[in-house]
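With TSV, C-alpha atoms inside, this is data00.tsv:
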chain	number	residue	atom	x	y	z
A	1	MET	CA	13.16	9.07	-36.82
A	2	GLY	CA	9.86	10.39	-38.11
A	3	ASP	CA	8.57	6.85	-38.68
A	4	ILE	CA	9.64	5.85	-35.18
A	5	SER	CA	7.81	8.85	-33.69
A	6	LYS	CA	4.66	7.96	-35.63
A	7	LEU	CA	4.90	4.33	-34.51
A	8	LEU	CA	5.29	5.38	-30.88
A	9	ASP	CA	2.39	7.83	-31.16
A	10	THR	CA	0.09	5.10	-32.45
A	11	SER	CA	1.39	2.38	-30.12
A	12	ILE	CA	1.31	4.16	-26.79
A	13	THR	CA	-2.06	4.87	-25.27
A	14	GLY	CA	-2.91	7.04	-22.32
A	15	VAL	CA	-4.75	6.21	-19.17
A	16	ALA	CA	-7.78	8.11	-17.99
A	17	ILE	CA	-6.98	9.99	-14.79
A	18	PRO	CA	-9.98	10.64	-12.57
A	19	ALA	CA	-10.68	14.30	-12.00
A	20	LYS	CA	-11.43	13.63	-8.36
A	21	ALA	CA	-8.58	12.48	-6.13
A	22	ALA	CA	-8.97	9.50	-3.83
A	23	PRO	CA	-10.40	10.43	-0.44
A	24	VAL	CA	-7.92	11.17	2.32
A	25	MET	CA	-7.76	8.53	5.02
A	26	ASP	CA	-7.73	9.61	8.63
A	27	LEU	CA	-5.57	6.93	10.24
A	28	SER	CA	-6.85	7.81	13.70
A	29	LYS	CA	-10.32	6.60	12.69
A	30	ILE	CA	-9.29	3.12	11.55
A	31	ASP	CA	-10.89	0.37	13.60
A	32	PHE	CA	-7.87	-1.90	13.86
A	33	GLU	CA	-9.76	-4.50	15.87
A	34	ALA	CA	-12.39	-4.87	13.14
A	35	LEU	CA	-9.65	-4.95	10.52
A	36	ARG	CA	-7.77	-7.62	12.50
A	37	LYS	CA	-10.95	-9.75	12.78
A	38	ARG	CA	-11.70	-9.38	9.08
A	39	PHE	CA	-8.15	-10.29	8.16
A	40	LYS	CA	-8.10	-13.30	10.49
A	41	GLU	CA	-11.32	-14.68	8.96
A	42	SER	CA	-10.22	-14.02	5.37
A	43	LYS	CA	-9.82	-16.93	3.00
A	44	HIS	CA	-7.58	-14.83	0.73
A	45	LYS	CA	-4.96	-13.52	3.13
A	46	ASN	CA	-2.23	-13.17	0.51
A	47	THR	CA	-4.46	-11.08	-1.73
A	48	ASP	CA	-5.74	-9.02	1.20
A	49	LEU	CA	-2.16	-8.44	2.31
A	50	GLU	CA	-1.16	-7.18	-1.14
A	51	VAL	CA	-4.12	-4.79	-1.19
A	52	LEU	CA	-3.24	-3.55	2.29
A	53	LYS	CA	0.44	-3.12	1.35
A	54	ALA	CA	-0.51	-1.12	-1.74
A	55	ALA	CA	-2.87	1.11	0.27
A	56	ILE	CA	-0.25	1.73	2.95
A	57	HIS	CA	2.43	2.43	0.35
A	58	ALA	CA	0.21	4.95	-1.47
A	59	GLN	CA	-0.69	6.67	1.79
A	60	LEU	CA	2.97	6.84	2.85
A	61	GLU	CA	3.94	8.37	-0.49
A	62	ARG	CA	1.29	11.05	-0.04
A	63	LEU	CA	2.26	11.75	3.57
A	64	ILE	CA	5.96	11.97	2.78
A	65	SER	CA	5.31	14.36	-0.09
A	66	LEU	CA	3.55	16.64	2.41
A	67	ASN	CA	6.11	16.25	5.20
A	68	LYS	CA	9.59	14.77	4.63
A	69	THR	CA	10.01	13.99	8.35
A	70	ARG	CA	7.61	11.07	7.92
A	71	THR	CA	10.23	8.98	6.13
A	72	ASP	CA	10.76	6.99	9.34
A	73	PHE	CA	7.29	5.50	8.83
A	74	GLN	CA	8.30	4.39	5.36
A	75	ALA	CA	11.54	2.88	6.67
A	76	LYS	CA	9.61	0.90	9.29
A	77	PHE	CA	7.07	-0.26	6.72
A	78	GLU	CA	9.83	-1.39	4.34
A	79	ALA	CA	11.60	-3.22	7.17
A	80	LEU	CA	8.38	-5.09	7.97
A	81	ILE	CA	7.94	-6.08	4.32
A	82	GLU	CA	11.58	-7.23	4.12
A	83	SER	CA	11.12	-9.36	7.26
A	84	TYR	CA	8.01	-10.92	5.76
A	85	ASN	CA	9.72	-11.57	2.41
A	86	ALA	CA	12.73	-13.12	4.19
A	87	GLY	CA	10.43	-15.50	6.06
A	88	SER	CA	11.00	-13.94	9.48
A	89	LEU	CA	7.31	-13.02	9.77
A	90	ASN	CA	4.18	-14.85	8.74
A	91	ILE	CA	1.14	-12.98	7.43
A	92	GLU	CA	-0.46	-12.65	10.87
A	93	GLY	CA	2.80	-11.41	12.42
A	94	LEU	CA	3.21	-8.85	9.65
A	95	PHE	CA	-0.33	-7.63	10.14
A	96	ASN	CA	0.10	-7.36	13.90
A	97	ASP	CA	3.38	-5.47	13.59

Give the structure from this file in structure tokens form.
Amino acid sequence: MGDISKLLDTSITGVAIPAKAAPVMDLSKIDFEALRKRFKESKHKNTDLEVLKAAIHAQLERLISLNKTRTDFQAKFEALIESYNAGSLNIEGLFND
């Protein structure tokens, strides 16, 4: 067991965690029209969608940790992603919804 512990200690490396947290986003200040235009003109919609999904997911996690009543937002977001993955929505439809 001692050898296994030593092997794990030398094999597993840590990740630097920034001392400063990511800035809080005020959703009321998002210019959805500008975002829609930028998304429509994008040549990398799939990549942009993944970045947007990750940002929304991170924000939802933070919001839900502060207030559990916000889980309905997460349920709606997950339903949208499931519809997209099932082929019911295209990228533009997902963005609009």

Quiz prompt | For Leu49 (chain A): contacts at 12 Å, only C-alpha atoms, fewer than 2 positions along chain excluded, given as a list in words | solution =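 Non-adjacent residues within range: Leu35, Arg36, Arg38, Phe39, Lys40, Ser42, Lys43, His44, Lys45, Asn46, Thr47, Val51, Leu52, Lys53, Ala54, Ala55, Ile56, His57, Ile81, Tyr84, Asn90, Ile91, Glu92, Gly93, Leu94, Phe95 and Asn96 of chain A.
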
Quiz item: What does the distance between CA of Leu60 (chain A) and CA of Gln74 (chain A) come to in Å, to one decimal place?
Solution: 6.4 Å

Quiz item: What separation in Å, quoted to one decimal, exists between CA of Phe77 (chain A) and CA of Asp97 (chain A)?
Solution: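 For CA of Phe77 (chain A) relative to CA of Asp97 (chain A), the distance reads 9.4 Å.
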
Quiz item: So how many Å separate CA of Lys20 (chain A) and CA of Ala34 (chain A), to one decimal?
Solution: 28.4 Å
